[in-house]
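A quick write-up on the structure given underneath.
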Amino acid sequence: MNLVSLQLETKDNFEENLENFKKQISSCKKNSLILAPELAIVGFAYDKMQEASDFSLKAIEVLKEFSEEKIIVFTTIIKENNKFYNRLFMIKDRKIIHNQDKIKLFPLGNEDKFFTPSKKNNIEIININGIKIAVLICFELRFPSLWEQIKGADIILNPAMWGIKRKDHYESISKALALVNQAFVVASNSANSNMAKGSAIITPFGDTIKDDSKTILEKEFSKDEILKIRKYIDIGLNIS
């Protein structure tokens, strides 16, 4: 599996964002797991939430057509029962194979005033062809209680819109997540001017691929690296 972190700018024009996302997906090779920044297609469209939700439903159908032999992971705005959710979708071979709503909403960004938190309070680890994948959405990166729930994951994804003032926090916590969980971390942060960038792919040993000037970061996944460090430095994580 080829791990891909996209570092995209999200503009006010939903259609333009979707076209750029499609372009980047198309440039990735087959058998890639592609992660986009949080709300990469619509942004935090607080002044047009209904429009964003309607567009998101159409975008999901479009993106299904780009998911043959690829896994596409992104969050977007979804309306359900008159409530809006920041919902993650994982699409593979034209099918939605997983979704999850953001549990921890960021109060400094007024998320709690516009979004409803997940009805669940737990994060599911997804098994794809023997590879265990978990997701923490942006602000959720800060919560040790959620780290506990994803112990044993081989790959941890973090789609984010993390502000530039807390850039060091984002990069430091992302690396710690990989080291503590002895897992690959794919961090995909927004490239907007007020965002931290800092997108990265981090190995279980802490080796980091990061470049704030790039749109696409790539790294081949190796289960052997996980098995090696979990055996060499045994902290009780599953090595099967």
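Ordering of the structure tokens sets the chain letters (A, B, ...), residue numbers begin anew at 1 in every chain, and ligands are numbered from 1 in the order given.
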Distance query Asn13 of chain A at most 10 Å, only C-alpha atoms, self and fewer than 6 positions along chain excluded, as a ChimeraX atom specification: /A:41-43
Who sits within 9 Å of Ile131 of chain A, only C-alpha atoms, same chain under 2 positions skipped, as an MDAnalysis selection string: chainID A and resid 126:129 133 153:155 223
Those of segment 84-170 of chain A in DSSP strand (DSSP E or B), formatted as an MDAnalysis selection string: chainID A and resid 84:92 95:101 126:128 131:135 155:160 163
Take the residues just selected and output them with N, CA and C atoms as a PDB file, in the first residue's frame.
```pdb
ATOM      1  N   PHE A  84     -26.192  18.960  11.627  1.00  0.00           N
ATOM      2  CA  PHE A  84     -25.024  18.897  10.745  1.00  0.00           C
ATOM      3  C   PHE A  84     -23.873  18.181  11.462  1.00  0.00           C
ATOM      4  N   TYR A  85     -23.215  17.300  10.705  1.00  0.00           N
ATOM      5  CA  TYR A  85     -22.097  16.521  11.235  1.00  0.00           C
ATOM      6  C   TYR A  85     -20.853  16.731  10.371  1.00  0.00           C
ATOM      7  N   ASN A  86     -19.708  16.735  11.023  1.00  0.00           N
ATOM      8  CA  ASN A  86     -18.420  16.696  10.336  1.00  0.00           C
ATOM      9  C   ASN A  86     -18.099  15.210  10.185  1.00  0.00           C
ATOM     10  N   ARG A  87     -18.396  14.670   9.011  1.00  0.00           N
ATOM     11  CA  ARG A  87     -18.386  13.206   8.818  1.00  0.00           C
ATOM     12  C   ARG A  87     -17.255  12.758   7.913  1.00  0.00           C
ATOM     13  N   LEU A  88     -16.540  11.747   8.357  1.00  0.00           N
ATOM     14  CA  LEU A  88     -15.471  11.142   7.569  1.00  0.00           C
ATOM     15  C   LEU A  88     -16.014  10.002   6.716  1.00  0.00           C
ATOM     16  N   PHE A  89     -15.514   9.943   5.481  1.00  0.00           N
ATOM     17  CA  PHE A  89     -15.854   8.853   4.565  1.00  0.00           C
ATOM     18  C   PHE A  89     -14.576   8.167   4.095  1.00  0.00           C
ATOM     19  N   MET A  90     -14.627   6.863   4.039  1.00  0.00           N
ATOM     20  CA  MET A  90     -13.556   6.059   3.474  1.00  0.00           C
ATOM     21  C   MET A  90     -14.162   5.288   2.303  1.00  0.00           C
ATOM     22  N   ILE A  91     -13.658   5.563   1.097  1.00  0.00           N
ATOM     23  CA  ILE A  91     -14.232   4.984  -0.114  1.00  0.00           C
ATOM     24  C   ILE A  91     -13.189   4.095  -0.787  1.00  0.00           C
ATOM     25  N   LYS A  92     -13.599   2.911  -1.168  1.00  0.00           N
ATOM     26  CA  LYS A  92     -12.704   1.967  -1.838  1.00  0.00           C
ATOM     27  C   LYS A  92     -13.484   1.221  -2.914  1.00  0.00           C
ATOM     28  N   LYS A  95     -17.153   2.019  -3.329  1.00  0.00           N
ATOM     29  CA  LYS A  95     -18.066   1.780  -2.204  1.00  0.00           C
ATOM     30  C   LYS A  95     -17.581   2.501  -0.949  1.00  0.00           C
ATOM     31  N   ILE A  96     -18.535   3.002  -0.164  1.00  0.00           N
ATOM     32  CA  ILE A  96     -18.193   3.553   1.148  1.00  0.00           C
ATOM     33  C   ILE A  96     -17.970   2.378   2.097  1.00  0.00           C
ATOM     34  N   ILE A  97     -16.759   2.240   2.599  1.00  0.00           N
ATOM     35  CA  ILE A  97     -16.450   1.102   3.458  1.00  0.00           C
ATOM     36  C   ILE A  97     -16.419   1.490   4.938  1.00  0.00           C
ATOM     37  N   HIS A  98     -16.425   2.807   5.201  1.00  0.00           N
ATOM     38  CA  HIS A  98     -16.418   3.252   6.601  1.00  0.00           C
ATOM     39  C   HIS A  98     -16.792   4.724   6.662  1.00  0.00           C
ATOM     40  N   ASN A  99     -17.529   5.097   7.694  1.00  0.00           N
ATOM     41  CA  ASN A  99     -17.684   6.518   8.000  1.00  0.00           C
ATOM     42  C   ASN A  99     -17.720   6.706   9.505  1.00  0.00           C
ATOM     43  N   GLN A 100     -17.347   7.885   9.937  1.00  0.00           N
ATOM     44  CA  GLN A 100     -17.402   8.210  11.366  1.00  0.00           C
ATOM     45  C   GLN A 100     -17.544   9.718  11.521  1.00  0.00           C
ATOM     46  N   ASP A 101     -18.301  10.119  12.513  1.00  0.00           N
ATOM     47  CA  ASP A 101     -18.505  11.533  12.794  1.00  0.00           C
ATOM     48  C   ASP A 101     -17.503  12.008  13.831  1.00  0.00           C
ATOM     49  N   ILE A 126     -10.612  -0.120  11.609  1.00  0.00           N
ATOM     50  CA  ILE A 126     -11.060  -0.799  10.392  1.00  0.00           C
ATOM     51  C   ILE A 126      -9.967  -1.747   9.914  1.00  0.00           C
ATOM     52  N   ASN A 127     -10.344  -2.963   9.548  1.00  0.00           N
ATOM     53  CA  ASN A 127      -9.386  -3.939   9.021  1.00  0.00           C
ATOM     54  C   ASN A 127      -9.559  -4.054   7.514  1.00  0.00           C
ATOM     55  N   ILE A 128      -8.537  -3.657   6.769  1.00  0.00           N
ATOM     56  CA  ILE A 128      -8.567  -3.745   5.314  1.00  0.00           C
ATOM     57  C   ILE A 128      -7.417  -4.628   4.861  1.00  0.00           C
ATOM     58  N   ILE A 131      -4.717  -5.052   7.355  1.00  0.00           N
ATOM     59  CA  ILE A 131      -4.095  -3.824   7.856  1.00  0.00           C
ATOM     60  C   ILE A 131      -5.124  -3.072   8.692  1.00  0.00           C
ATOM     61  N   LYS A 132      -4.752  -2.749   9.928  1.00  0.00           N
ATOM     62  CA  LYS A 132      -5.682  -2.085  10.850  1.00  0.00           C
ATOM     63  C   LYS A 132      -5.516  -0.569  10.760  1.00  0.00           C
ATOM     64  N   ILE A 133      -6.624   0.102  10.451  1.00  0.00           N
ATOM     65  CA  ILE A 133      -6.597   1.548  10.205  1.00  0.00           C
ATOM     66  C   ILE A 133      -7.555   2.258  11.167  1.00  0.00           C
ATOM     67  N   ALA A 134      -7.076   3.344  11.761  1.00  0.00           N
ATOM     68  CA  ALA A 134      -7.911   4.157  12.656  1.00  0.00           C
ATOM     69  C   ALA A 134      -7.785   5.621  12.264  1.00  0.00           C
ATOM     70  N   VAL A 135      -8.788   6.411  12.651  1.00  0.00           N
ATOM     71  CA  VAL A 135      -8.811   7.833  12.295  1.00  0.00           C
ATOM     72  C   VAL A 135      -9.089   8.693  13.520  1.00  0.00           C
ATOM     73  N   ILE A 155      -2.054   1.824  10.996  1.00  0.00           N
ATOM     74  CA  ILE A 155      -2.036   3.137  10.350  1.00  0.00           C
ATOM     75  C   ILE A 155      -3.042   4.027  11.062  1.00  0.00           C
ATOM     76  N   ILE A 156      -2.613   5.220  11.447  1.00  0.00           N
ATOM     77  CA  ILE A 156      -3.517   6.195  12.063  1.00  0.00           C
ATOM     78  C   ILE A 156      -3.585   7.405  11.149  1.00  0.00           C
ATOM     79  N   LEU A 157      -4.791   7.769  10.749  1.00  0.00           N
ATOM     80  CA  LEU A 157      -5.006   8.889   9.846  1.00  0.00           C
ATOM     81  C   LEU A 157      -5.481  10.101  10.640  1.00  0.00           C
ATOM     82  N   ASN A 158      -4.991  11.279  10.258  1.00  0.00           N
ATOM     83  CA  ASN A 158      -5.448  12.505  10.907  1.00  0.00           C
ATOM     84  C   ASN A 158      -5.695  13.596   9.870  1.00  0.00           C
ATOM     85  N   PRO A 159      -6.931  13.706   9.380  1.00  0.00           N
ATOM     86  CA  PRO A 159      -7.292  14.840   8.519  1.00  0.00           C
ATOM     87  C   PRO A 159      -7.505  16.068   9.394  1.00  0.00           C
ATOM     88  N   ALA A 160      -6.920  17.203   9.005  1.00  0.00           N
ATOM     89  CA  ALA A 160      -6.936  18.342   9.926  1.00  0.00           C
ATOM     90  C   ALA A 160      -7.051  19.685   9.207  1.00  0.00           C
ATOM     91  N   GLY A 163      -4.628  25.288  12.995  1.00  0.00           N
ATOM     92  CA  GLY A 163      -4.185  26.661  12.808  1.00  0.00           C
ATOM     93  C   GLY A 163      -2.690  26.875  12.933  1.00  0.00           C
TER      94      GLY A 163
END
```
Spatial neighbours of segment 54-71 of chain A, 9 Å, only C-alpha atoms, chain gap at least 6 places, as a PyMOL selection string: chain A and resi 14-15+18+21-22+25-26+28-35+41-42+77-79+89-96
Spatial neighbours of Cys138 of chain A, 12 Å, only C-alpha atoms, chain gap at least 6 places, as a ChimeraX atom specification: /A:36-39,74-75,86-88,101-106,109,111,157-163,169-170,173-174,186-190,196,199
Those same residues, written as a short mmCIF file (atom, residue, chain, number, x, y, z; two decimals), in the first residue's frame with C-alpha atoms?
```
data_model
loop_
_atom_site.label_atom_id
_atom_site.label_comp_id
_atom_site.auth_asym_id
_atom_site.auth_seq_id
_atom_site.Cartn_x
_atom_site.Cartn_y
_atom_site.Cartn_z
CA ALA A 36 -7.26 14.81 2.39
CA PRO A 37 -7.28 17.63 4.96
CA GLU A 38 -10.37 18.12 7.09
CA LEU A 39 -13.35 19.50 5.12
CA PHE A 74 -11.92 12.72 3.58
CA THR A 75 -14.35 14.55 5.86
CA ASN A 86 -18.42 16.70 10.34
CA ARG A 87 -18.39 13.21 8.82
CA LEU A 88 -15.47 11.14 7.57
CA ASP A 101 -18.50 11.53 12.79
CA LYS A 102 -16.18 13.85 14.66
CA ILE A 103 -16.49 13.27 18.40
CA LYS A 104 -14.49 16.20 19.77
CA LEU A 105 -15.53 19.56 18.30
CA PHE A 106 -13.08 22.47 18.51
CA GLY A 109 -13.35 27.48 16.04
CA GLU A 111 -17.53 24.02 15.77
CA LEU A 157 -5.01 8.89 9.85
CA ASN A 158 -5.45 12.50 10.91
CA PRO A 159 -7.29 14.84 8.52
CA ALA A 160 -6.94 18.34 9.93
CA MET A 161 -7.48 22.09 9.62
CA TRP A 162 -4.99 22.97 12.34
CA GLY A 163 -4.18 26.66 12.81
CA HIS A 169 1.71 21.40 18.68
CA TYR A 170 0.39 19.72 15.54
CA ILE A 173 1.66 15.49 18.70
CA SER A 174 1.56 13.80 15.28
CA VAL A 186 -0.61 9.98 7.97
CA ALA A 187 -1.28 13.61 8.88
CA SER A 188 -3.02 15.75 6.27
CA ASN A 189 -3.41 19.42 7.17
CA SER A 190 -4.81 22.33 5.22
CA ALA A 196 -0.18 25.20 10.04
CA SER A 199 1.34 17.46 6.83
#
```
Long-range neighbours of Ile209 of chain A as a ChimeraX atom specification, 8 Å cut-off, only C-alpha atoms, 6 positions minimum in chain: /A:200-202,217-219
Sorted by chain and rising residue number, which residues of segment 3-39 of chain A lie within 9 Å of segment 191-195 of chain A, and what are their closest atom pairs and distances in Å to one decimal, counting only C-alpha atoms, as a tab-separated table?
```
residue	atom	partner	partner_atom	distance
A:Gln7	CA	A:Ala191	CA	5.6
A:Leu8	CA	A:Ala191	CA	5.1
A:Glu9	CA	A:Ala191	CA	4.5
A:Thr10	CA	A:Asn192	CA	6.5
A:Lys11	CA	A:Asn192	CA	8.3
A:Pro37	CA	A:Ala191	CA	8.6
```
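Between atom CA of Glu19 of chain A and atom CA of Lys165 of chain A there is a distance of 29.2 Å.
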DSSP-assigned alpha helix (DSSP H) members of segment 39-219 of chain A, reported as an MDAnalysis selection string: chainID A and resid 49:64 111:114 144:149 167:181
Resulting file, chosen residues, N, CA and C atoms, as a tab-separated table (two decimals), in the first residue's frame:
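Now in selection16.tsv:
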```tsv
chain	number	residue	atom	x	y	z
A	49	MET	N	-24.30	26.08	5.33
A	49	MET	CA	-24.20	24.68	5.74
A	49	MET	C	-25.08	23.77	4.88
A	50	GLN	N	-26.29	24.20	4.60
A	50	GLN	CA	-27.18	23.36	3.78
A	50	GLN	C	-26.61	23.17	2.38
A	51	GLU	N	-26.11	24.24	1.81
A	51	GLU	CA	-25.50	24.15	0.48
A	51	GLU	C	-24.30	23.21	0.50
A	52	ALA	N	-23.51	23.31	1.56
A	52	ALA	CA	-22.33	22.44	1.68
A	52	ALA	C	-22.73	20.98	1.79
A	53	SER	N	-23.77	20.71	2.56
A	53	SER	CA	-24.23	19.33	2.70
A	53	SER	C	-24.76	18.78	1.38
A	54	ASP	N	-25.55	19.58	0.67
A	54	ASP	CA	-26.08	19.15	-0.63
A	54	ASP	C	-24.95	18.86	-1.61
A	55	PHE	N	-23.95	19.74	-1.63
A	55	PHE	CA	-22.82	19.54	-2.54
A	55	PHE	C	-22.02	18.30	-2.13
A	56	SER	N	-21.88	18.08	-0.84
A	56	SER	CA	-21.11	16.94	-0.35
A	56	SER	C	-21.69	15.61	-0.83
A	57	LEU	N	-23.02	15.52	-0.82
A	57	LEU	CA	-23.67	14.29	-1.28
A	57	LEU	C	-23.35	14.01	-2.75
A	58	LYS	N	-23.33	15.07	-3.54
A	58	LYS	CA	-22.97	14.91	-4.96
A	58	LYS	C	-21.49	14.56	-5.10
A	59	ALA	N	-20.65	15.21	-4.30
A	59	ALA	CA	-19.20	14.97	-4.37
A	59	ALA	C	-18.85	13.53	-4.03
A	60	ILE	N	-19.54	12.97	-3.05
A	60	ILE	CA	-19.29	11.58	-2.66
A	60	ILE	C	-19.51	10.64	-3.84
A	61	GLU	N	-20.58	10.86	-4.56
A	61	GLU	CA	-20.88	10.01	-5.73
A	61	GLU	C	-19.82	10.18	-6.81
A	62	VAL	N	-19.35	11.40	-7.00
A	62	VAL	CA	-18.29	11.65	-7.98
A	62	VAL	C	-17.00	10.95	-7.57
A	63	LEU	N	-16.65	11.06	-6.29
A	63	LEU	CA	-15.39	10.49	-5.81
A	63	LEU	C	-15.38	8.97	-5.84
A	64	LYS	N	-16.55	8.37	-5.75
A	64	LYS	CA	-16.62	6.92	-5.86
A	64	LYS	C	-16.01	6.45	-7.18
A	111	GLU	N	-16.94	25.24	16.33
A	111	GLU	CA	-17.53	24.02	15.77
A	111	GLU	C	-18.74	23.55	16.58
A	112	ASP	N	-18.65	23.71	17.90
A	112	ASP	CA	-19.72	23.22	18.76
A	112	ASP	C	-21.01	24.02	18.59
A	113	LYS	N	-20.94	25.16	17.94
A	113	LYS	CA	-22.14	25.97	17.69
A	113	LYS	C	-22.84	25.58	16.39
A	114	PHE	N	-22.12	24.92	15.49
A	114	PHE	CA	-22.68	24.61	14.18
A	114	PHE	C	-22.81	23.11	13.92
A	144	PRO	N	-6.01	11.93	25.04
A	144	PRO	CA	-5.44	10.62	25.40
A	144	PRO	C	-6.50	9.51	25.46
A	145	SER	N	-7.72	9.85	25.84
A	145	SER	CA	-8.78	8.84	25.93
A	145	SER	C	-9.06	8.23	24.56
A	146	LEU	N	-8.91	9.03	23.50
A	146	LEU	CA	-9.12	8.50	22.15
A	146	LEU	C	-7.91	7.71	21.67
A	147	TRP	N	-6.72	8.09	22.12
A	147	TRP	CA	-5.53	7.31	21.80
A	147	TRP	C	-5.68	5.88	22.33
A	148	GLU	N	-6.27	5.76	23.50
A	148	GLU	CA	-6.48	4.44	24.09
A	148	GLU	C	-7.34	3.56	23.19
A	149	GLN	N	-8.31	4.16	22.54
A	149	GLN	CA	-9.26	3.41	21.71
A	149	GLN	C	-8.63	2.88	20.42
A	167	LYS	N	1.19	25.34	15.19
A	167	LYS	CA	1.92	24.47	14.25
A	167	LYS	C	2.83	23.47	14.99
A	168	ASP	N	3.59	23.98	15.97
A	168	ASP	CA	4.50	23.11	16.72
A	168	ASP	C	3.72	22.03	17.46
A	169	HIS	N	2.56	22.38	18.01
A	169	HIS	CA	1.71	21.40	18.68
A	169	HIS	C	1.32	20.29	17.70
A	170	TYR	N	0.87	20.70	16.53
A	170	TYR	CA	0.39	19.72	15.54
A	170	TYR	C	1.50	18.74	15.14
A	171	GLU	N	2.65	19.28	14.85
A	171	GLU	CA	3.75	18.43	14.38
A	171	GLU	C	4.28	17.55	15.51
A	172	SER	N	4.37	18.10	16.70
A	172	SER	CA	4.89	17.33	17.85
A	172	SER	C	3.94	16.20	18.24
A	173	ILE	N	2.64	16.51	18.31
A	173	ILE	CA	1.66	15.49	18.70
A	173	ILE	C	1.56	14.40	17.63
A	174	SER	N	1.63	14.79	16.37
A	174	SER	CA	1.56	13.80	15.28
A	174	SER	C	2.71	12.80	15.37
A	175	LYS	N	3.92	13.31	15.64
A	175	LYS	CA	5.07	12.41	15.76
A	175	LYS	C	4.95	11.54	17.01
A	176	ALA	N	4.49	12.13	18.10
A	176	ALA	CA	4.31	11.35	19.33
A	176	ALA	C	3.29	10.24	19.12
A	177	LEU	N	2.25	10.52	18.34
A	177	LEU	CA	1.23	9.52	18.05
A	177	LEU	C	1.84	8.29	17.38
A	178	ALA	N	2.74	8.52	16.45
A	178	ALA	CA	3.40	7.41	15.75
A	178	ALA	C	4.31	6.63	16.70
A	179	LEU	N	5.08	7.34	17.53
A	179	LEU	CA	6.03	6.68	18.42
A	179	LEU	C	5.33	5.90	19.54
A	180	VAL	N	4.32	6.51	20.14
A	180	VAL	CA	3.63	5.87	21.26
A	180	VAL	C	2.84	4.65	20.79
A	181	ASN	N	2.25	4.75	19.60
A	181	ASN	CA	1.44	3.65	19.07
A	181	ASN	C	2.22	2.70	18.17
```
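Among A:Tyr46, A:Asn238, A:Thr76, A:Asp207, the residue with the shortest atom-to-atom distance to Asn17 of chain A, counting only C-alpha atoms, is A:Thr76.
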Computed interatomic separation between atom CA of Asn110 of chain A and atom CA of Ala45 of chain A (Å):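 Between atom CA of Asn110 of chain A and atom CA of Ala45 of chain A the gap is 11.7 Å.
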Atom CA of Ala40 of chain A to atom CA of Lys197 of chain A, distance in Å rounded to a single decimal: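 Answer for the atom CA of Ala40 of chain A to atom CA of Lys197 of chain A separation: 13.0 Å.
Distances from A:Phe221, A:Gly236, A:Ile164, A:Ile150 to Met1 of chain A were compared using only C-alpha atoms, and the smallest one belongs to A:Phe221.
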